[in-house]
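Q: Next comes target14.cif, mmCIF, C-alpha atoms and all ligand atoms:
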```cif
data_coords
#
loop_
_atom_site.group_PDB
_atom_site.id
_atom_site.type_symbol
_atom_site.label_atom_id
_atom_site.label_comp_id
_atom_site.auth_asym_id
_atom_site.auth_seq_id
_atom_site.Cartn_x
_atom_site.Cartn_y
_atom_site.Cartn_z
ATOM 1 C CA MET A 78 0.000 0.000 0.000
ATOM 2 C CA VAL A 79 1.373 3.423 -0.869
ATOM 3 C CA ILE A 80 -1.208 5.110 1.361
ATOM 4 C CA THR A 81 -1.406 3.892 4.933
ATOM 5 C CA GLN A 82 -4.498 4.574 6.997
ATOM 6 C CA HIS A 83 -4.798 4.802 10.750
ATOM 7 C CA GLN A 84 -7.989 5.654 12.577
ATOM 8 C CA GLU A 85 -7.984 6.640 16.221
ATOM 9 C CA ALA A 86 -11.337 7.803 17.583
ATOM 10 C CA GLY A 87 -12.578 10.350 15.004
ATOM 11 C CA LEU A 88 -9.120 11.088 13.590
ATOM 12 C CA LEU A 89 -8.153 9.437 10.301
ATOM 13 C CA THR A 90 -4.467 9.763 9.422
ATOM 14 C CA LEU A 91 -3.522 9.124 5.793
ATOM 15 C CA THR A 92 0.197 8.764 5.167
ATOM 16 C CA LEU A 93 1.840 9.013 1.754
ATOM 17 C CA ASN A 94 4.046 5.977 2.036
ATOM 18 C CA ARG A 95 6.866 5.921 -0.506
ATOM 19 C CA PRO A 96 9.621 7.172 1.832
ATOM 20 C CA ASP A 97 12.477 5.857 -0.346
ATOM 21 C CA ALA A 98 11.240 8.110 -3.172
ATOM 22 C CA LEU A 99 10.450 11.008 -0.777
ATOM 23 C CA ASN A 100 6.771 10.171 -1.354
ATOM 24 C CA ALA A 101 6.924 11.146 -5.032
ATOM 25 C CA ILE A 102 3.415 10.864 -6.429
ATOM 26 C CA THR A 103 2.590 8.000 -8.791
ATOM 27 C CA THR A 104 -0.736 7.163 -10.433
ATOM 28 C CA GLU A 105 -1.104 4.269 -7.993
ATOM 29 C CA LEU A 106 -0.684 6.663 -5.066
ATOM 30 C CA LEU A 107 -3.334 9.042 -6.444
ATOM 31 C CA VAL A 108 -5.822 6.222 -6.989
ATOM 32 C CA GLU A 109 -5.300 4.874 -3.456
ATOM 33 C CA LEU A 110 -5.532 8.349 -1.968
ATOM 34 C CA GLY A 111 -8.787 8.961 -3.854
ATOM 35 C CA HIS A 112 -10.297 5.738 -2.452
ATOM 36 C CA ALA A 113 -9.172 6.616 1.077
ATOM 37 C CA LEU A 114 -10.696 10.113 0.826
ATOM 38 C CA GLU A 115 -13.991 8.692 -0.420
ATOM 39 C CA LYS A 116 -14.096 6.419 2.620
ATOM 40 C CA ALA A 117 -13.289 9.421 4.824
ATOM 41 C CA GLN A 118 -16.772 10.772 4.037
ATOM 42 C CA ASP A 119 -17.996 8.338 6.742
ATOM 43 C CA PRO A 120 -19.437 10.471 9.604
ATOM 44 C CA ALA A 121 -17.351 8.439 12.085
ATOM 45 C CA VAL A 122 -14.334 10.288 10.643
ATOM 46 C CA ARG A 123 -14.340 13.785 12.135
ATOM 47 C CA THR A 124 -10.885 15.023 11.059
ATOM 48 C CA VAL A 125 -8.511 13.905 8.315
ATOM 49 C CA LEU A 126 -4.759 14.330 8.667
ATOM 50 C CA LEU A 127 -2.560 13.983 5.590
ATOM 51 C CA THR A 128 1.177 13.495 6.071
ATOM 52 C CA GLY A 129 4.242 11.801 4.603
ATOM 53 C CA ALA A 130 6.352 8.854 5.751
ATOM 54 C CA GLY A 131 10.062 9.464 6.316
ATOM 55 C CA ARG A 132 11.872 12.777 5.801
ATOM 56 C CA ALA A 133 9.564 14.429 3.231
ATOM 57 C CA PHE A 134 5.895 15.258 2.893
ATOM 58 C CA SER A 135 6.076 14.748 -0.877
ATOM 59 C CA VAL A 136 8.377 15.914 -3.688
ATOM 60 C CA GLY A 137 5.431 16.039 -6.119
ATOM 61 C CA GLN A 138 4.898 14.056 -9.282
ATOM 62 C CA ASP A 139 7.291 11.121 -9.635
ATOM 63 C CA LEU A 140 9.398 12.413 -12.507
ATOM 64 C CA LYS A 141 10.645 8.903 -13.294
ATOM 65 C CA GLU A 142 7.063 7.836 -14.012
ATOM 66 C CA VAL A 143 6.561 10.862 -16.292
ATOM 67 C CA GLN A 144 9.376 9.685 -18.531
ATOM 68 C CA VAL A 145 7.657 6.374 -19.306
ATOM 69 C CA ARG A 146 4.062 7.568 -19.219
ATOM 70 C CA GLN A 147 1.935 7.098 -22.330
ATOM 71 C CA GLU A 148 -1.017 9.412 -21.639
ATOM 72 C CA SER A 149 -1.110 13.197 -22.105
ATOM 73 C CA PHE A 150 -0.674 15.578 -19.157
ATOM 74 C CA LYS A 151 -4.311 16.588 -19.532
ATOM 75 C CA ASP A 152 -5.510 12.994 -19.281
ATOM 76 C CA HIS A 153 -3.198 12.250 -16.386
ATOM 77 C CA LEU A 154 -4.266 15.299 -14.386
ATOM 78 C CA ARG A 155 -7.749 13.822 -13.886
ATOM 79 C CA HIS A 156 -6.203 11.640 -11.144
ATOM 80 C CA TYR A 157 -4.833 14.701 -9.348
ATOM 81 C CA ASN A 158 -7.989 16.737 -9.831
ATOM 82 C CA ARG A 159 -10.176 14.026 -8.295
ATOM 83 C CA VAL A 160 -8.005 14.030 -5.150
ATOM 84 C CA ILE A 161 -7.932 17.836 -4.894
ATOM 85 C CA LYS A 162 -11.736 18.054 -5.145
ATOM 86 C CA LEU A 163 -12.200 15.299 -2.565
ATOM 87 C CA LEU A 164 -9.868 17.096 -0.134
ATOM 88 C CA GLN A 165 -11.748 20.359 -0.565
ATOM 89 C CA GLN A 166 -15.235 18.916 -0.450
ATOM 90 C CA LEU A 167 -14.927 16.786 2.684
ATOM 91 C CA GLU A 168 -17.386 18.215 5.209
ATOM 92 C CA LYS A 169 -14.862 18.012 8.051
ATOM 93 C CA PRO A 170 -11.464 19.528 8.837
ATOM 94 C CA VAL A 171 -8.621 18.323 6.640
ATOM 95 C CA LEU A 172 -5.097 19.006 7.919
ATOM 96 C CA ALA A 173 -1.756 18.698 6.166
ATOM 97 C CA ALA A 174 1.136 17.810 8.467
ATOM 98 C CA ILE A 175 4.187 18.978 6.500
ATOM 99 C CA ASN A 176 6.952 16.867 8.017
ATOM 100 C CA GLY A 177 9.625 17.759 5.426
ATOM 101 C CA ALA A 178 9.833 18.952 1.802
ATOM 102 C CA ALA A 179 6.516 19.650 0.064
ATOM 103 C CA ALA A 180 7.276 20.332 -3.607
ATOM 104 C CA GLY A 181 5.237 20.665 -6.801
ATOM 105 C CA ALA A 182 2.026 18.672 -6.625
ATOM 106 C CA GLY A 183 3.051 17.616 -3.107
ATOM 107 C CA PHE A 184 2.759 21.278 -2.129
ATOM 108 C CA SER A 185 -0.550 21.472 -4.071
ATOM 109 C CA LEU A 186 -1.976 18.666 -1.928
ATOM 110 C CA THR A 187 -1.241 20.672 1.212
ATOM 111 C CA LEU A 188 -2.861 23.813 -0.258
ATOM 112 C CA ALA A 189 -6.139 21.950 -0.802
ATOM 113 C CA CYS A 190 -6.249 21.161 2.930
ATOM 114 C CA ASP A 191 -7.900 23.506 5.417
ATOM 115 C CA LEU A 192 -4.821 24.038 7.599
ATOM 116 C CA ARG A 193 -1.112 23.356 7.193
ATOM 117 C CA LEU A 194 0.944 22.331 10.235
ATOM 118 C CA ALA A 195 4.664 22.399 9.533
ATOM 119 C CA SER A 196 7.708 21.020 11.298
ATOM 120 C CA GLU A 197 10.429 23.619 11.946
ATOM 121 C CA GLY A 198 12.821 22.088 9.435
ATOM 122 C CA SER A 199 10.321 21.633 6.602
ATOM 123 C CA PHE A 200 10.057 23.724 3.444
ATOM 124 C CA VAL A 201 7.693 24.215 0.537
ATOM 125 C CA THR A 202 8.463 25.024 -3.081
ATOM 126 C CA ALA A 203 6.311 25.356 -6.176
ATOM 127 C CA ALA A 204 8.946 23.536 -8.283
ATOM 128 C CA PHE A 205 6.883 23.471 -11.501
ATOM 129 C CA SER A 206 8.728 26.335 -13.215
ATOM 130 C CA ARG A 207 12.095 24.649 -12.604
ATOM 131 C CA ILE A 208 11.067 21.889 -15.009
ATOM 132 C CA GLY A 209 9.230 24.152 -17.458
ATOM 133 C CA LEU A 210 5.696 23.344 -16.311
ATOM 134 C CA VAL A 211 2.767 25.434 -15.144
ATOM 135 C CA PRO A 212 1.257 24.996 -11.664
ATOM 136 C CA ASP A 213 -1.420 22.335 -11.449
ATOM 137 C CA SER A 214 -3.462 20.310 -8.954
ATOM 138 C CA GLY A 215 -5.143 23.509 -7.782
ATOM 139 C CA MET A 216 -1.995 25.481 -6.979
ATOM 140 C CA SER A 217 -2.947 28.377 -9.289
ATOM 141 C CA TYR A 218 -6.326 28.509 -7.515
ATOM 142 C CA PHE A 219 -5.291 28.240 -3.866
ATOM 143 C CA LEU A 220 -1.940 30.032 -3.733
ATOM 144 C CA PRO A 221 -3.059 33.537 -4.867
ATOM 145 C CA ARG A 222 -6.102 33.258 -2.597
ATOM 146 C CA ILE A 223 -3.832 32.548 0.371
ATOM 147 C CA ILE A 224 -0.908 34.927 -0.289
ATOM 148 C CA GLY A 225 -2.094 37.337 -3.024
ATOM 149 C CA TRP A 226 -1.244 37.706 -6.711
ATOM 150 C CA SER A 227 2.302 39.120 -6.585
ATOM 151 C CA LYS A 228 3.680 36.759 -3.957
ATOM 152 C CA ALA A 229 2.069 33.849 -5.803
ATOM 153 C CA PHE A 230 3.572 35.023 -9.098
ATOM 154 C CA ASP A 231 6.963 35.265 -7.403
ATOM 155 C CA MET A 232 6.738 31.766 -5.894
ATOM 156 C CA LEU A 233 5.435 30.223 -9.115
ATOM 157 C CA THR A 234 8.017 31.924 -11.337
ATOM 158 C CA PHE A 235 11.189 31.543 -9.268
ATOM 159 C CA SER A 236 10.288 28.448 -7.204
ATOM 160 C CA PRO A 237 12.378 29.405 -4.166
ATOM 161 C CA ARG A 238 12.550 27.103 -1.171
ATOM 162 C CA ILE A 239 10.293 28.724 1.435
ATOM 163 C CA THR A 240 11.227 27.718 4.966
ATOM 164 C CA ALA A 241 8.500 26.868 7.496
ATOM 165 C CA GLU A 242 9.094 30.190 9.238
ATOM 166 C CA GLU A 243 8.832 32.180 5.979
ATOM 167 C CA ALA A 244 5.736 30.183 5.019
ATOM 168 C CA PHE A 245 4.197 31.010 8.401
ATOM 169 C CA GLU A 246 4.885 34.728 7.906
ATOM 170 C CA MET A 247 3.285 34.555 4.431
ATOM 171 C CA GLY A 248 0.184 32.790 5.766
ATOM 172 C CA ILE A 249 0.865 29.552 3.891
ATOM 173 C CA VAL A 250 1.528 27.617 7.078
ATOM 174 C CA ASP A 251 -0.807 27.952 10.056
ATOM 175 C CA ARG A 252 1.204 26.348 12.886
ATOM 176 C CA ILE A 253 4.877 25.416 13.315
ATOM 177 C CA PHE A 254 5.932 22.703 15.757
ATOM 178 C CA PRO A 255 9.491 21.675 16.704
ATOM 179 C CA ASP A 256 10.919 18.767 14.689
ATOM 180 C CA ASP A 257 11.468 16.526 17.707
ATOM 181 C CA THR A 258 7.891 16.824 19.044
ATOM 182 C CA PHE A 259 6.169 17.305 15.670
ATOM 183 C CA GLN A 260 4.240 14.011 15.560
ATOM 184 C CA GLU A 261 2.927 14.345 19.136
ATOM 185 C CA GLN A 262 1.917 17.992 18.761
ATOM 186 C CA VAL A 263 0.215 17.386 15.423
ATOM 187 C CA ARG A 264 -1.681 14.423 16.892
ATOM 188 C CA ALA A 265 -2.840 16.465 19.899
ATOM 189 C CA PHE A 266 -3.965 19.335 17.635
ATOM 190 C CA ALA A 267 -5.813 16.973 15.276
ATOM 191 C CA MET A 268 -7.435 14.938 18.084
ATOM 192 C CA ASP A 269 -8.726 18.169 19.559
ATOM 193 C CA LEU A 270 -10.297 19.138 16.227
ATOM 194 C CA ALA A 271 -11.780 15.641 15.873
ATOM 195 C CA GLN A 272 -13.780 16.332 19.034
ATOM 196 C CA GLY A 273 -15.149 19.628 17.696
ATOM 197 C CA PRO A 274 -18.590 20.507 16.320
ATOM 198 C CA THR A 275 -17.923 18.663 13.053
ATOM 199 C CA LEU A 276 -21.282 19.406 11.443
ATOM 200 C CA ALA A 277 -20.875 23.169 11.995
ATOM 201 C CA ILE A 278 -17.268 23.011 10.768
ATOM 202 C CA GLY A 279 -18.405 21.198 7.602
ATOM 203 C CA LEU A 280 -21.048 23.863 6.965
ATOM 204 C CA THR A 281 -18.430 26.575 7.598
ATOM 205 C CA LYS A 282 -16.269 25.013 4.882
ATOM 206 C CA GLN A 283 -19.212 25.200 2.482
ATOM 207 C CA LEU A 284 -19.613 28.905 3.285
ATOM 208 C CA LEU A 285 -15.917 29.624 2.719
ATOM 209 C CA ARG A 286 -15.963 27.731 -0.586
ATOM 210 C CA ARG A 287 -18.948 29.704 -1.840
ATOM 211 C CA SER A 288 -17.593 33.064 -0.637
ATOM 212 C CA GLY A 289 -14.931 32.953 -3.378
ATOM 213 C CA SER A 290 -17.507 33.602 -6.099
ATOM 214 C CA ALA A 291 -20.764 34.717 -4.422
ATOM 215 C CA SER A 292 -22.176 38.212 -3.797
ATOM 216 C CA LEU A 293 -22.805 39.604 -0.309
ATOM 217 C CA ASP A 294 -26.557 39.050 -0.771
ATOM 218 C CA GLU A 295 -25.982 35.421 -1.715
ATOM 219 C CA MET A 296 -23.665 34.867 1.242
ATOM 220 C CA LEU A 297 -26.100 36.436 3.710
ATOM 221 C CA ASP A 298 -28.827 34.068 2.442
ATOM 222 C CA LEU A 299 -26.510 31.085 2.572
ATOM 223 C CA GLU A 300 -25.339 31.937 6.107
ATOM 224 C CA ALA A 301 -28.963 32.026 7.224
ATOM 225 C CA GLU A 302 -29.612 28.639 5.581
ATOM 226 C CA MET A 303 -26.524 27.058 7.154
ATOM 227 C CA GLN A 304 -27.281 28.600 10.546
ATOM 228 C CA ASP A 305 -30.719 27.010 10.422
ATOM 229 C CA ARG A 306 -29.047 23.651 9.929
ATOM 230 C CA ALA A 307 -26.383 24.190 12.590
ATOM 231 C CA GLY A 308 -29.053 25.532 14.951
ATOM 232 C CA GLN A 309 -30.896 22.197 14.763
ATOM 233 C CA SER A 310 -27.813 20.129 15.561
ATOM 234 C CA GLN A 311 -27.197 18.160 18.723
ATOM 235 C CA ASP A 312 -23.909 20.024 19.047
ATOM 236 C CA HIS A 313 -25.696 23.364 19.281
ATOM 237 C CA GLN A 314 -27.885 22.007 22.117
ATOM 238 C CA GLU A 315 -24.767 20.644 23.805
ATOM 239 C CA GLY A 316 -22.972 23.991 23.362
ATOM 240 C CA LEU A 317 -25.841 25.865 25.026
ATOM 241 C CA LYS A 318 -26.113 23.308 27.846
ATOM 242 C CA ALA A 319 -22.360 23.390 28.520
ATOM 243 C CA PHE A 320 -22.484 27.195 28.644
ATOM 244 C CA MET A 321 -25.348 27.210 31.149
ATOM 245 C CA GLU A 322 -23.695 24.527 33.267
ATOM 246 C CA LYS A 323 -20.318 26.317 33.089
ATOM 247 C CA ARG A 324 -18.463 23.216 31.855
ATOM 248 C CA GLY A 325 -16.527 22.139 28.770
ATOM 249 C CA THR A 326 -18.365 20.897 25.676
ATOM 250 C CA ARG A 327 -18.751 17.240 24.671
ATOM 251 C CA PHE A 328 -19.582 17.536 20.978
ATOM 252 C CA SER A 329 -20.731 14.470 19.039
ATOM 253 C CA GLY A 330 -20.266 16.017 15.604
ATOM 254 C CA LEU A 331 -24.005 15.591 14.901
HETATM 255 O O1 LIG B 1 0.706 15.018 -14.782
HETATM 256 C C1 LIG B 1 1.852 15.441 -14.585
HETATM 257 O O2 LIG B 1 2.823 14.722 -14.537
HETATM 258 C C2 LIG B 1 2.063 16.870 -14.300
HETATM 259 C C3 LIG B 1 2.096 17.063 -12.853
HETATM 260 C C4 LIG B 1 3.160 17.652 -12.311
HETATM 261 C C5 LIG B 1 3.155 17.810 -10.880
HETATM 262 C C6 LIG B 1 4.491 18.106 -10.269
HETATM 263 O O3 LIG B 1 4.589 17.846 -9.094
HETATM 264 S S1 LIG B 1 5.742 18.787 -11.166
HETATM 265 C C7 LIG B 1 7.002 19.035 -9.942
HETATM 266 C C8 LIG B 1 7.728 17.741 -9.634
HETATM 267 N N1 LIG B 1 8.625 17.925 -8.533
HETATM 268 C C9 LIG B 1 9.816 18.500 -8.663
HETATM 269 O O4 LIG B 1 10.185 18.989 -9.714
HETATM 270 C C10 LIG B 1 10.706 18.501 -7.440
HETATM 271 C C11 LIG B 1 11.992 17.779 -7.740
HETATM 272 N N2 LIG B 1 12.762 17.629 -6.543
HETATM 273 C C12 LIG B 1 13.511 18.615 -6.028
HETATM 274 O O5 LIG B 1 13.582 19.733 -6.526
HETATM 275 C C13 LIG B 1 14.266 18.293 -4.779
HETATM 276 O O6 LIG B 1 14.350 16.895 -4.651
HETATM 277 C C14 LIG B 1 13.606 18.868 -3.517
HETATM 278 C C15 LIG B 1 13.834 20.385 -3.499
HETATM 279 C C16 LIG B 1 12.121 18.584 -3.436
HETATM 280 C C17 LIG B 1 14.234 18.229 -2.256
HETATM 281 O O7 LIG B 1 15.615 18.399 -2.297
HETATM 282 P P1 LIG B 1 16.564 17.498 -1.370
HETATM 283 O O8 LIG B 1 17.920 18.104 -1.501
HETATM 284 O O9 LIG B 1 15.995 17.387 -0.002
HETATM 285 O O10 LIG B 1 16.499 16.018 -1.991
HETATM 286 P P2 LIG B 1 17.198 15.516 -3.340
HETATM 287 O O11 LIG B 1 18.576 15.054 -3.023
HETATM 288 O O12 LIG B 1 17.038 16.498 -4.422
HETATM 289 O O13 LIG B 1 16.277 14.240 -3.695
HETATM 290 C C18 LIG B 1 16.422 13.017 -2.990
HETATM 291 C C19 LIG B 1 16.052 11.882 -3.914
HETATM 292 O O14 LIG B 1 14.676 12.005 -4.319
HETATM 293 C C20 LIG B 1 16.858 11.905 -5.214
HETATM 294 O O15 LIG B 1 17.025 10.581 -5.603
HETATM 295 P P3 LIG B 1 18.504 9.913 -5.641
HETATM 296 O O16 LIG B 1 19.319 10.752 -6.553
HETATM 297 O O17 LIG B 1 18.972 9.986 -4.216
HETATM 298 O O18 LIG B 1 18.254 8.516 -6.127
HETATM 299 C C21 LIG B 1 15.920 12.587 -6.191
HETATM 300 O O19 LIG B 1 16.168 12.246 -7.546
HETATM 301 C C22 LIG B 1 14.588 12.009 -5.746
HETATM 302 N N3 LIG B 1 13.476 12.881 -6.124
HETATM 303 C C23 LIG B 1 13.267 14.117 -5.705
HETATM 304 N N4 LIG B 1 12.168 14.589 -6.289
HETATM 305 C C24 LIG B 1 11.692 13.614 -7.084
HETATM 306 C C25 LIG B 1 12.532 12.506 -6.981
HETATM 307 N N5 LIG B 1 12.290 11.384 -7.665
HETATM 308 C C26 LIG B 1 11.218 11.362 -8.483
HETATM 309 N N6 LIG B 1 10.366 12.392 -8.616
HETATM 310 C C27 LIG B 1 10.577 13.529 -7.949
HETATM 311 N N7 LIG B 1 9.693 14.541 -8.076
#
```
Here is the file; what I need is its structure written in the form of C-alpha cells.
Ligand code: T3D

A:
Amino acid sequence: MVITQHQEAGLLTLTLNRPDALNAITTELLVELGHALEKAQDPAVRTVLLTGAGRAFSVGQDLKEVQVRQESFKDHLRHYNRVIKLLQQLEKPVLAAINGAAAGAGFSLTLACDLRLASEGSFVTAAFSRIGLVPDSGMSYFLPRIIGWSKAFDMLTFSPRITAEEAFEMGIVDRIFPDDTFQEQVRAFAMDLAQGPTLAIGLTKQLLRRSGSASLDEMLDLEAEMQDRAGQSQDHQEGLKAFMEKRGTRFSGL
C-alpha cells in the first residue's frame, strides 16, 4: 500500500508511504488516496490528517514515471484533480502535516487542505517552473487566494525554497511545531479538532468555498440557511447546555 491509513477515535491519518522516493506521487498513489478520501466521508471520521512517511511530505509528481508515461498531461491530471476536489469537499477539517519537503504537486496537496501544520525544518516550493511546467493540482487557484497575486507570481516563477518560518509569515503555514515533538503535537492538535462541532465546521467550509464567487446578498442568504441547519444540531444544544452549566463541551459532531 502506498497510502497507509490509521484511525484513532474520530481522527483518520492518511500517510503518503513511498519514503524511499520522498513520497513522489505515482498514479497508484493518487488512486489509493482517492479511495481513502472517499471512505473518509464516513461520519465516524471527524478530522482527516494527511502526512508523509520518512523525511519528506512529498516531492510532487514522480518524474521517473513521467518519462515512461503514455497518456497526455491533460488525461493524467484527472487523477490529481479528483483528489484535490475530494480534499476540498470533505465536510470536516482536513489538515496537512508537513513533516519535510513539500514540492510541486506535493505542495498542491497541502494547499487543498484547510490548515497546514509544519515542522520547523520543513520547506515548501512550487517547483513546476524549474522543469518548465505550469502549476497544477489547484496550486494556481489556492496560492493567490492565500498569499495574493504578486507573492504567488513570485513563488510560481522563481520556485524558491520557502522555509516553514517564511511560510508562516506569508500565511501559507498555520502552525509550526518543533521537529522533535512534531508528531505528538500534530496528533494532539488533530485529536482536539476531531472532538469539535464537526457538522458546523463542515457547513463553515461550504460557506468559505462559496464566498470565493458569491455576492454579499448570496452569502447572507446562505449563512442564514446554514445557521438554520447548525441551529438544529445536537452540538448546538450541547454547546448551550455546557455554557449554562459552566463546563466544557462534549460535541458528538451531529
Ligand atoms: O501530470 C503530470 O505529470 C504533471 C504534474 C506535475 C506535478 C508536479 O509535481 S511537477 C514538480 C515535480 N517535482 C519536482 O520537480 C521537485 C523535484 N525535486 C527537487 O527539486 C528536490 O528533490 C527537492 C527540493 C524537493 C528536495 O531536495 P533534497 O535536496 O531534499 O532532496 P534531493 O537530493 O534532491 O532528492 C532526494 C532523492 O529524491 C533523489 O534521488 P537519488 O538521486 O537519491 O536517487 C531525487 O532524484 C529524488 N526525487 C526528488 N524529487 C523527485 C525525486 N524522484 C522522483 N520524482 C521527484 N519529483

Q: For the structure shown, which residues end up in the PyMOL selection byres (((chain A and resi 285-292) around 12) and not hetatm)? Put them as a PDB file with C-alpha atoms, in the coordinates of the input, please?

A:
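Heads up, here's the output in expr29.pdb:
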```pdb
ATOM      1  CA  LYS A 162     -11.736  18.054  -5.145  1.00  0.00           C
ATOM      2  CA  GLN A 165     -11.748  20.359  -0.565  1.00  0.00           C
ATOM      3  CA  GLN A 166     -15.235  18.916  -0.450  1.00  0.00           C
ATOM      4  CA  LEU A 167     -14.927  16.786   2.684  1.00  0.00           C
ATOM      5  CA  GLU A 168     -17.386  18.215   5.209  1.00  0.00           C
ATOM      6  CA  ALA A 189      -6.139  21.950  -0.802  1.00  0.00           C
ATOM      7  CA  ASP A 191      -7.900  23.506   5.417  1.00  0.00           C
ATOM      8  CA  TYR A 218      -6.326  28.509  -7.515  1.00  0.00           C
ATOM      9  CA  PHE A 219      -5.291  28.240  -3.866  1.00  0.00           C
ATOM     10  CA  PRO A 221      -3.059  33.537  -4.867  1.00  0.00           C
ATOM     11  CA  ARG A 222      -6.102  33.258  -2.597  1.00  0.00           C
ATOM     12  CA  ILE A 223      -3.832  32.548   0.371  1.00  0.00           C
ATOM     13  CA  ILE A 278     -17.268  23.011  10.768  1.00  0.00           C
ATOM     14  CA  GLY A 279     -18.405  21.198   7.602  1.00  0.00           C
ATOM     15  CA  LEU A 280     -21.048  23.863   6.965  1.00  0.00           C
ATOM     16  CA  THR A 281     -18.430  26.575   7.598  1.00  0.00           C
ATOM     17  CA  LYS A 282     -16.269  25.013   4.882  1.00  0.00           C
ATOM     18  CA  GLN A 283     -19.212  25.200   2.482  1.00  0.00           C
ATOM     19  CA  LEU A 284     -19.613  28.905   3.285  1.00  0.00           C
ATOM     20  CA  LEU A 293     -22.805  39.604  -0.309  1.00  0.00           C
ATOM     21  CA  ASP A 294     -26.557  39.050  -0.771  1.00  0.00           C
ATOM     22  CA  GLU A 295     -25.982  35.421  -1.715  1.00  0.00           C
ATOM     23  CA  MET A 296     -23.665  34.867   1.242  1.00  0.00           C
ATOM     24  CA  LEU A 297     -26.100  36.436   3.710  1.00  0.00           C
ATOM     25  CA  ASP A 298     -28.827  34.068   2.442  1.00  0.00           C
ATOM     26  CA  LEU A 299     -26.510  31.085   2.572  1.00  0.00           C
ATOM     27  CA  GLU A 300     -25.339  31.937   6.107  1.00  0.00           C
ATOM     28  CA  MET A 303     -26.524  27.058   7.154  1.00  0.00           C
TER      29      MET A 303
END
```

Q: May I have the residues within 9 Å of Phe259 of chain A as an NGL selection string, using all atoms listed in the file and disregarding those fewer than 6 positions away in the same chain?

A: :A and (174 or 176 or 195-197 or 253)

Q: Taking all atoms of segment 243-260 of chain A that the file lists, what box with edges along x, y and z, padded by 6 Å per side, do you get, with centre and edge lengths in Å to one decimal, as AutoDock Vina command-line options?

A:
```
--center_x 5.3 --center_y 24.4 --center_z 11.5 --size_x 24.3 --size_y 32.7 --size_z 27.2
```

Q: Skip Ala182 of chain A itself and residues of its chain fewer than 3 positions away, then list as an MDAnalysis selection string all residues within 12 Å of it, counting all atoms listed in the file.

A: chainID A and resid 100:103 107 134:140 154 156:158 160:161 178:179 185:189 201:205 210:217

Q: I'd like to see the residues matched by the PyMOL selection byres (((chain A and resi 269) around 12) and not hetatm) on this file, and ideally I'd get them as a list in words.

A: Ala86, Gly87, Leu88, Arg123, Thr124, Pro170, Gln262, Val263, Arg264, Ala265, Phe266, Ala267, Met268, Leu270, Ala271, Gln272, Gly273, Pro274, Thr275, Thr326, Arg327 and Phe328 of chain A

Q: Which residues come within 12 Å of His83 of chain A, counting only C-alpha atoms, excluding same-chain residues fewer than 5 positions away, as a list in words?

A: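 Here the qualifying residues turn out to be Leu88, Leu89, Thr90, Leu91, Thr92, Leu93, Ala113, Ala117, Val122, Thr124, Val125, Leu126, Leu127, Thr128 and Arg264 of chain A.
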
Q: Atom CA of Leu194 of chain A and atom CA of Leu106 of chain A are how many Å apart?

A: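 Between atom CA of Leu194 of chain A and atom CA of Leu106 of chain A the gap is 22.0 Å.
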
Q: One number please: atom CA of Ala241 of chain A to atom CA of Ser199 of chain A, in Å, one decimal.

A: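 These two atoms are separated by 5.6 Å.
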
Q: Have a look at A:Val108, A:Ile224, A:Leu192, A:Met321 and name the one nearest to Glu243 of chain A; count all atoms listed in the file.

A: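 Selected residue with least distance to Glu243 of chain A: A:Ile224.
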
Q: Around the point (-23.4, 24.5, 17.1) in the file's coordinates, collect all residues with an atom within 10 Å, using all atoms listed in the file, and return them as a VMD selection string.

A: chain A and resid 273 to 278 304 306 to 317 328 330 to 331

Q: Please measure the separation of atom CA of Asp119 of chain A and atom CA of Val250 of chain A, giving the value in Å to one decimal.

A: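 Computing it gives 27.4 Å between the two atoms.
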
Q: On this structure, the PyMOL selection byres (((chain A and resi 79) around 8) and not hetatm) would catch which residues? List them as a list in words, sorted by chain and number.

A: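 Applying the expression gives Met78, Ile80, Thr81, Leu93, Asn94, Arg95, Glu105, Leu106 and Glu109 of chain A.
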
Q: Could you check which of A:Leu163, A:Leu220, A:Ile249, A:Ala133 is closest to ligand LIG 1 (chain B), using only C-alpha atoms and all ligand atoms?

A: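 Going through A:Leu163, A:Leu220, A:Ile249, A:Ala133 one by one, the smallest distance to ligand LIG 1 (chain B) is for A:Ala133.
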
Q: Rank nothing, just name the residue among A:Lys169, A:Phe320, A:Arg193, A:Leu233 nearest to Gly248 of chain A, using only C-alpha atoms.

A: A:Arg193

Q: Closest to His112 of chain A among A:Leu164, A:Ser227, A:Asp97, A:Phe150, using all atoms listed in the file?

A: A:Leu164

Q: Place N, CA and C atoms on segment 110-117 of chain A and deliver the coordinates as a PDB file, in the coordinates of the input.

A:
```pdb
ATOM      1  N   LEU A 110      -5.155   7.191  -2.781  1.00  0.00           N
ATOM      2  CA  LEU A 110      -5.532   8.349  -1.968  1.00  0.00           C
ATOM      3  C   LEU A 110      -6.990   8.733  -2.237  1.00  0.00           C
ATOM      4  N   GLY A 111      -7.388   8.667  -3.490  1.00  0.00           N
ATOM      5  CA  GLY A 111      -8.787   8.961  -3.854  1.00  0.00           C
ATOM      6  C   GLY A 111      -9.745   8.011  -3.136  1.00  0.00           C
ATOM      7  N   HIS A 112      -9.431   6.714  -3.140  1.00  0.00           N
ATOM      8  CA  HIS A 112     -10.297   5.738  -2.452  1.00  0.00           C
ATOM      9  C   HIS A 112     -10.375   6.058  -0.959  1.00  0.00           C
ATOM     10  N   ALA A 113      -9.212   6.346  -0.366  1.00  0.00           N
ATOM     11  CA  ALA A 113      -9.172   6.616   1.077  1.00  0.00           C
ATOM     12  C   ALA A 113     -10.006   7.858   1.415  1.00  0.00           C
ATOM     13  N   LEU A 114      -9.946   8.878   0.552  1.00  0.00           N
ATOM     14  CA  LEU A 114     -10.696  10.113   0.826  1.00  0.00           C
ATOM     15  C   LEU A 114     -12.195   9.894   0.644  1.00  0.00           C
ATOM     16  N   GLU A 115     -12.556   9.010  -0.276  1.00  0.00           N
ATOM     17  CA  GLU A 115     -13.991   8.692  -0.420  1.00  0.00           C
ATOM     18  C   GLU A 115     -14.502   8.014   0.853  1.00  0.00           C
ATOM     19  N   LYS A 116     -13.698   7.106   1.382  1.00  0.00           N
ATOM     20  CA  LYS A 116     -14.096   6.419   2.620  1.00  0.00           C
ATOM     21  C   LYS A 116     -14.146   7.391   3.808  1.00  0.00           C
ATOM     22  N   ALA A 117     -13.344   8.438   3.725  1.00  0.00           N
ATOM     23  CA  ALA A 117     -13.289   9.421   4.824  1.00  0.00           C
ATOM     24  C   ALA A 117     -14.578  10.239   4.925  1.00  0.00           C
TER      25      ALA A 117
END
```
